[in-house]
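S.K.: For reference, the file run.txt (compact mmCIF, C-alpha atoms) is included below:
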```
# COMPACT_ATOMS: atom_id res chain seq x y z
CA MET A 1 116.43 115.36 151.55
CA ASP A 2 114.82 118.54 150.33
CA ALA A 3 114.47 119.03 146.60
CA THR A 4 111.89 120.26 144.12
CA LEU A 5 110.75 117.47 141.85
CA HIS A 6 108.24 117.58 138.99
CA LEU A 7 107.47 113.91 138.48
CA ALA A 8 103.84 113.76 139.58
CA GLN A 9 103.09 117.13 137.94
CA ASP A 10 101.11 117.87 141.12
CA PRO A 11 102.55 120.35 143.67
CA GLU A 12 101.62 118.44 146.86
CA ALA A 13 102.63 115.03 145.51
CA ASP A 14 105.90 116.43 144.15
CA ALA A 15 106.66 118.16 147.46
CA LEU A 16 106.35 114.81 149.25
CA LEU A 17 108.67 113.12 146.70
CA GLY A 18 111.25 115.87 147.23
CA ARG A 19 111.36 115.56 151.02
CA SER A 20 110.69 111.86 151.57
CA PRO A 21 113.21 109.18 150.51
CA LEU A 22 110.60 106.43 150.99
CA ALA A 23 108.04 108.28 148.86
CA ALA A 24 110.57 108.68 146.05
CA LEU A 25 111.48 104.98 146.20
CA THR A 26 107.80 103.98 146.27
CA GLY A 27 107.03 106.18 143.27
CA MET A 28 109.87 104.52 141.37
CA LEU A 29 108.52 101.09 142.31
CA LEU A 30 105.05 102.04 141.04
CA ASP A 31 106.45 103.41 137.77
CA GLN A 32 105.56 100.52 135.46
CA GLN A 33 102.64 99.89 133.11
CA ILE A 34 101.01 103.22 133.99
CA PRO A 35 101.75 106.87 133.13
CA MET A 36 104.65 108.28 135.12
CA GLU A 37 102.58 111.05 136.75
CA TRP A 38 100.08 108.48 138.03
CA ALA A 39 102.90 106.38 139.50
CA PHE A 40 104.64 109.26 141.27
CA LYS A 41 101.39 110.65 142.66
CA GLY A 42 100.84 107.26 144.31
CA PRO A 43 102.96 107.85 147.45
CA TRP A 44 101.05 111.06 148.26
CA THR A 45 97.71 109.29 147.69
CA ILE A 46 98.77 106.45 150.01
CA ALA A 47 99.93 108.88 152.71
CA GLN A 48 96.60 110.75 152.49
CA ARG A 49 94.65 107.53 152.86
CA LEU A 50 96.77 106.56 155.85
CA GLY A 51 96.01 109.95 157.39
CA ALA A 52 99.70 110.91 157.40
CA ASP A 53 101.93 113.54 155.81
CA ASP A 54 104.63 110.98 154.92
CA LEU A 55 105.07 107.24 154.43
CA ASP A 56 106.43 105.15 157.29
CA ALA A 57 108.16 101.88 156.37
CA HIS A 58 107.45 100.31 159.78
CA GLU A 59 103.73 101.13 159.55
CA ILE A 60 103.36 99.87 155.97
CA ALA A 61 105.40 96.71 156.63
CA ALA A 62 103.14 95.81 159.57
CA TYR A 63 99.86 96.77 157.86
CA ASP A 64 97.28 94.05 157.27
CA PRO A 65 97.90 92.98 153.63
CA GLU A 66 94.21 92.81 152.67
CA ALA A 67 93.49 96.20 154.23
CA PHE A 68 96.53 97.73 152.49
CA ALA A 69 95.44 96.30 149.12
CA ALA A 70 91.94 97.73 149.72
CA LEU A 71 93.52 101.12 150.53
CA LEU A 72 95.33 101.18 147.18
CA SER A 73 92.24 99.93 145.33
CA GLU A 74 89.96 102.79 146.45
CA LYS A 75 88.91 105.03 143.57
CA PRO A 76 90.98 106.49 142.07
CA ALA A 77 93.22 103.42 142.32
CA VAL A 78 96.90 104.02 143.02
CA HIS A 79 97.92 101.70 140.15
CA ARG A 80 96.37 99.67 137.34
CA TYR A 81 97.16 96.59 139.47
CA PRO A 82 96.57 97.93 142.99
CA GLY A 83 96.47 94.54 144.72
CA SER A 84 99.79 93.24 143.42
CA MET A 85 101.48 96.64 143.82
CA ALA A 86 100.27 96.84 147.43
CA GLY A 87 102.10 93.56 148.04
CA ARG A 88 105.25 94.90 146.36
CA ILE A 89 105.22 98.10 148.42
CA GLN A 90 104.87 96.06 151.61
CA GLN A 91 107.75 93.80 150.49
CA LEU A 92 109.90 96.87 149.88
CA CYS A 93 109.04 98.32 153.30
CA ARG A 94 109.71 95.01 155.07
CA TYR A 95 113.11 94.85 153.37
CA LEU A 96 113.91 98.41 154.47
CA VAL A 97 112.85 97.64 158.05
CA GLU A 98 114.97 94.49 158.09
CA HIS A 99 118.11 95.91 156.46
CA TYR A 100 117.98 99.68 157.05
CA ASP A 101 115.84 100.06 160.19
CA GLY A 102 113.07 101.46 157.99
CA ASP A 103 115.13 104.47 156.87
CA ALA A 104 115.22 104.55 153.05
CA GLU A 105 117.81 107.34 153.02
CA THR A 106 120.35 105.05 154.68
CA LEU A 107 120.47 103.19 151.35
CA TRP A 108 122.47 106.03 149.81
CA LYS A 109 123.66 108.13 152.75
CA ASP A 110 126.75 106.01 153.42
CA ALA A 111 127.24 104.39 150.00
CA ASP A 112 130.93 104.95 149.19
CA SER A 113 130.60 104.55 145.40
CA GLY A 114 128.07 104.58 142.60
CA ARG A 115 128.65 100.87 142.07
CA GLU A 116 127.90 100.12 145.73
CA LEU A 117 124.72 102.22 145.60
CA LEU A 118 123.59 100.47 142.42
CA ARG A 119 124.16 97.09 144.11
CA ARG A 120 122.04 98.16 147.10
CA LEU A 121 119.24 99.43 144.86
CA GLN A 122 119.24 96.20 142.82
CA GLU A 123 118.83 94.22 146.04
CA LEU A 124 115.51 95.97 146.75
CA PRO A 125 112.38 93.91 146.02
CA GLY A 126 110.91 95.04 142.71
CA PHE A 127 114.06 96.81 141.49
CA GLY A 128 115.76 95.26 138.47
CA LYS A 129 118.92 96.71 136.95
CA GLN A 130 117.16 99.27 134.74
CA LYS A 131 114.90 100.59 137.53
CA ALA A 132 117.90 100.75 139.90
CA GLN A 133 119.95 102.68 137.33
CA ILE A 134 117.13 105.15 136.66
CA PHE A 135 116.66 105.78 140.39
CA LEU A 136 120.42 106.18 140.84
CA ALA A 137 120.39 108.75 138.01
CA LEU A 138 117.47 110.56 139.70
CA LEU A 139 119.41 110.67 142.99
CA GLY A 140 122.47 112.10 141.24
CA LYS A 141 120.80 114.52 138.86
CA GLN A 142 118.08 115.95 141.10
CA LEU A 143 118.59 114.93 144.73
CA GLY A 144 122.25 115.77 145.27
CA VAL A 145 123.38 112.20 145.98
CA LEU A 146 126.78 112.07 144.27
CA PRO A 147 128.94 109.11 145.32
CA PRO A 148 132.07 108.67 143.18
CA GLY A 149 131.25 106.97 139.87
CA TRP A 150 127.51 107.50 140.10
CA ARG A 151 127.13 108.50 136.44
CA GLU A 152 129.00 105.41 135.25
CA ALA A 153 126.95 103.15 137.54
CA ALA A 154 123.72 104.69 136.24
CA GLY A 155 124.75 103.77 132.68
CA PRO A 156 123.06 105.72 129.87
CA TYR A 157 120.58 107.20 132.39
CA GLY A 158 123.45 109.03 134.10
CA GLU A 159 124.50 110.91 130.97
CA ALA A 160 124.31 114.68 131.25
CA ASP A 161 121.77 116.51 129.06
CA SER A 162 119.96 113.31 128.12
CA HIS A 163 116.19 112.81 128.12
CA ARG A 164 115.86 109.08 128.71
CA SER A 165 113.95 108.69 131.96
CA VAL A 166 112.25 110.26 134.98
CA ALA A 167 115.73 111.29 136.17
CA ASP A 168 115.72 113.96 133.45
CA ILE A 169 112.27 115.44 134.06
CA THR A 170 112.35 118.91 135.59
CA GLY A 171 109.17 120.35 134.05
CA PRO A 172 106.73 120.08 131.11
CA ASP A 173 109.39 120.61 128.38
CA SER A 174 111.71 117.87 129.60
CA LEU A 175 108.70 115.61 130.22
CA ALA A 176 107.73 115.98 126.55
CA LYS A 177 111.31 115.18 125.47
CA VAL A 178 111.45 112.04 127.65
CA ARG A 179 108.06 110.93 126.27
CA ALA A 180 109.34 111.44 122.71
CA HIS A 181 112.49 109.42 123.47
CA LYS A 182 110.42 106.55 124.90
CA GLN A 183 108.16 106.53 121.84
CA GLU A 184 111.23 106.41 119.57
CA MET A 185 112.61 103.47 121.57
CA LYS A 186 109.28 101.61 121.35
CA ALA A 187 109.04 102.23 117.61
CA ALA A 188 112.63 101.00 117.12
CA ALA A 189 111.96 97.86 119.18
CA LYS A 190 108.77 97.19 117.21
CA ALA A 191 110.61 97.65 113.88
CA ALA A 192 113.41 95.32 115.01
CA LYS A 193 110.87 92.69 116.05
CA ALA A 194 109.06 92.98 112.70
CA ALA A 195 112.35 92.66 110.80
CA LYS A 196 113.28 89.59 112.83
CA THR A 197 109.89 87.98 112.17
CA ALA A 198 110.15 88.75 108.44
CA GLY A 199 113.59 87.15 108.34
CA THR A 200 112.47 83.84 109.85
```
Produce structure tokens that represent the structure in this file.
M.R.:
Amino acid sequence: MDATLHLAQDPEADALLGRSPLAALTGMLLDQQIPMEWAFKGPWTIAQRLGADDLDAHEIAAYDPEAFAALLSEKPAVHRYPGSMAGRIQQLCRYLVEHYDGDAETLWKDADSGRELLRRLQELPGFGKQKAQIFLALLGKQLGVLPPGWREAAGPYGEADSHRSVADITGPDSLAKVRAHKQEMKAAAKAAKAAKTAGT
């Protein structure tokens, strides 16, 4: 895997995401309840604190849980909830060690269809359907992983020329468009909720 990503908006962190399947997966896992750039810088921050130039699923899976939580909690914290996210990252790495010998890329390297890849992603700890679809779209749109039917399996996130998620961010302009789309979706959801409340 060797791609140029612009998710962390930080050259070193983005370089790691582009070359490391586990870093990309970990960034996607962290991408909740915090700004996207903060989430996707997390893998690089963790690697730095481990004194490594990449993440190793075997090492993280075997790491002492309290020590790993402390590592993520150091200032600046890797996430708003560093303790619980440390546990989730370790769960993810243990799953990869158990099912894929610790090699995250194996998840998609031999997937024979988009549907199969989506199923595998949804089986990962911490990956619901939406997160799995967004990551599948990222693989297809920016990382050259193109099993048959990948766009369909990724749902709306797989659509060409859309600006719905991290899969569509290639620089500051597209980042602004994705942010605008998310704000529109939030406003629509809020309006729908208000209308429902008014109608009861």
S.K.: Per residue of stretch 147-193 of chain A within 10 Å of stretch 8-15 of chain A, record the nearest atom pair and its distance in Å to one decimal, counting all atoms listed in the file, with rows in chain order and ascending residue number, as JSON lines.
M.R.:
```
{"residue": "A:Thr170", "atom": "CA", "partner": "A:Gln9", "partner_atom": "CA", "distance": 9.7}
{"residue": "A:Gly171", "atom": "CA", "partner": "A:Gln9", "partner_atom": "CA", "distance": 7.9}
{"residue": "A:Pro172", "atom": "CA", "partner": "A:Gln9", "partner_atom": "CA", "distance": 8.3}
{"residue": "A:Leu175", "atom": "CA", "partner": "A:Gln9", "partner_atom": "CA", "distance": 9.7}
```
S.K.: Find the residues near stretch 17-25 of chain A: any atom within 10 Å, counting all atoms listed in the file, skip ones fewer than 3 places away on the same chain, and give them as a PyMOL selection string.
M.R.: chain A and resi 1-8+11-14+28-31+40-44+46-47+53-57+89+92-93+96+102-108+121+124+127+132+135+138-139+142-143
S.K.: Scan for residues within 7 Å of the point (98.4, 99.1, 131.0) in the coordinates of the file, using only C-alpha atoms, and reply as a list in words.
M.R.: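 In the file's frame, the residues around the point are Gln33, Ile34 and Arg80 of chain A.
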S.K.: So what do you get for atom CA of A:Lys141 versus atom CA of A:Arg94, distance-wise?
M.R.: 27.7 Å
S.K.: Between A:Ser165, A:Ser174, A:Gln91, A:Gln130, which has the minimum distance to A:Ala62 (counting only C-alpha atoms)?
M.R.: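 Closest to A:Ala62, using only C-alpha atoms: A:Gln91.
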S.K.: Within 12 Å of A:Lys177, counting all atoms listed in the file, which residues show up once you throw out same-chain ones fewer than 2 positions away? Write them as a PyMOL selection string, please.
M.R.: chain A and resi 161-166+168-175+179-184
S.K.: Write out as a PDB file with C-alpha atoms, in the coordinates of the input which residues come within 8 Å of A:Arg115 when counting only C-alpha atoms, dropping same-chain ones fewer than 6 positions away.
M.R.:
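What landed in around.pdb:
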```pdb
ATOM      1  CA  GLY A 149     131.250 106.970 139.870  1.00  0.00           C
ATOM      2  CA  TRP A 150     127.510 107.500 140.100  1.00  0.00           C
ATOM      3  CA  ALA A 153     126.950 103.150 137.540  1.00  0.00           C
TER       4      ALA A 153
END
```
S.K.: Do you have the atom CA of A:Arg151-atom CA of A:Ala137 distance handy?
M.R.: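 Distance reported for this atom pair: 6.9 Å.
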S.K.: Give me, please, the distance in Å between atom CA of A:Pro76 and atom CA of A:Ala61, quoted to one decimal.
M.R.: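 Straight-line distance from atom CA of A:Pro76 to atom CA of A:Ala61 works out to 22.7 Å.
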S.K.: When distances are computed from only C-alpha atoms, which of A:Arg88, A:His58, A:Gly155, A:Ala52 shows the smallest separation from A:Leu72?
M.R.: A:Arg88
S.K.: Considering only C-alpha atoms, state which residue in the set A:Glu74, A:Pro35, A:Ile60, A:Asp101 is at the smallest distance from A:Gly87.
M.R.: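 Of all the options, A:Ile60 lies closest to A:Gly87.
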S.K.: Using all atoms listed in the file, which residue out of A:Lys190, A:Gly51, A:Pro125, A:Leu117 lies closest to A:Thr26?
M.R.: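 So, comparing all the options, the nearest one is A:Pro125.
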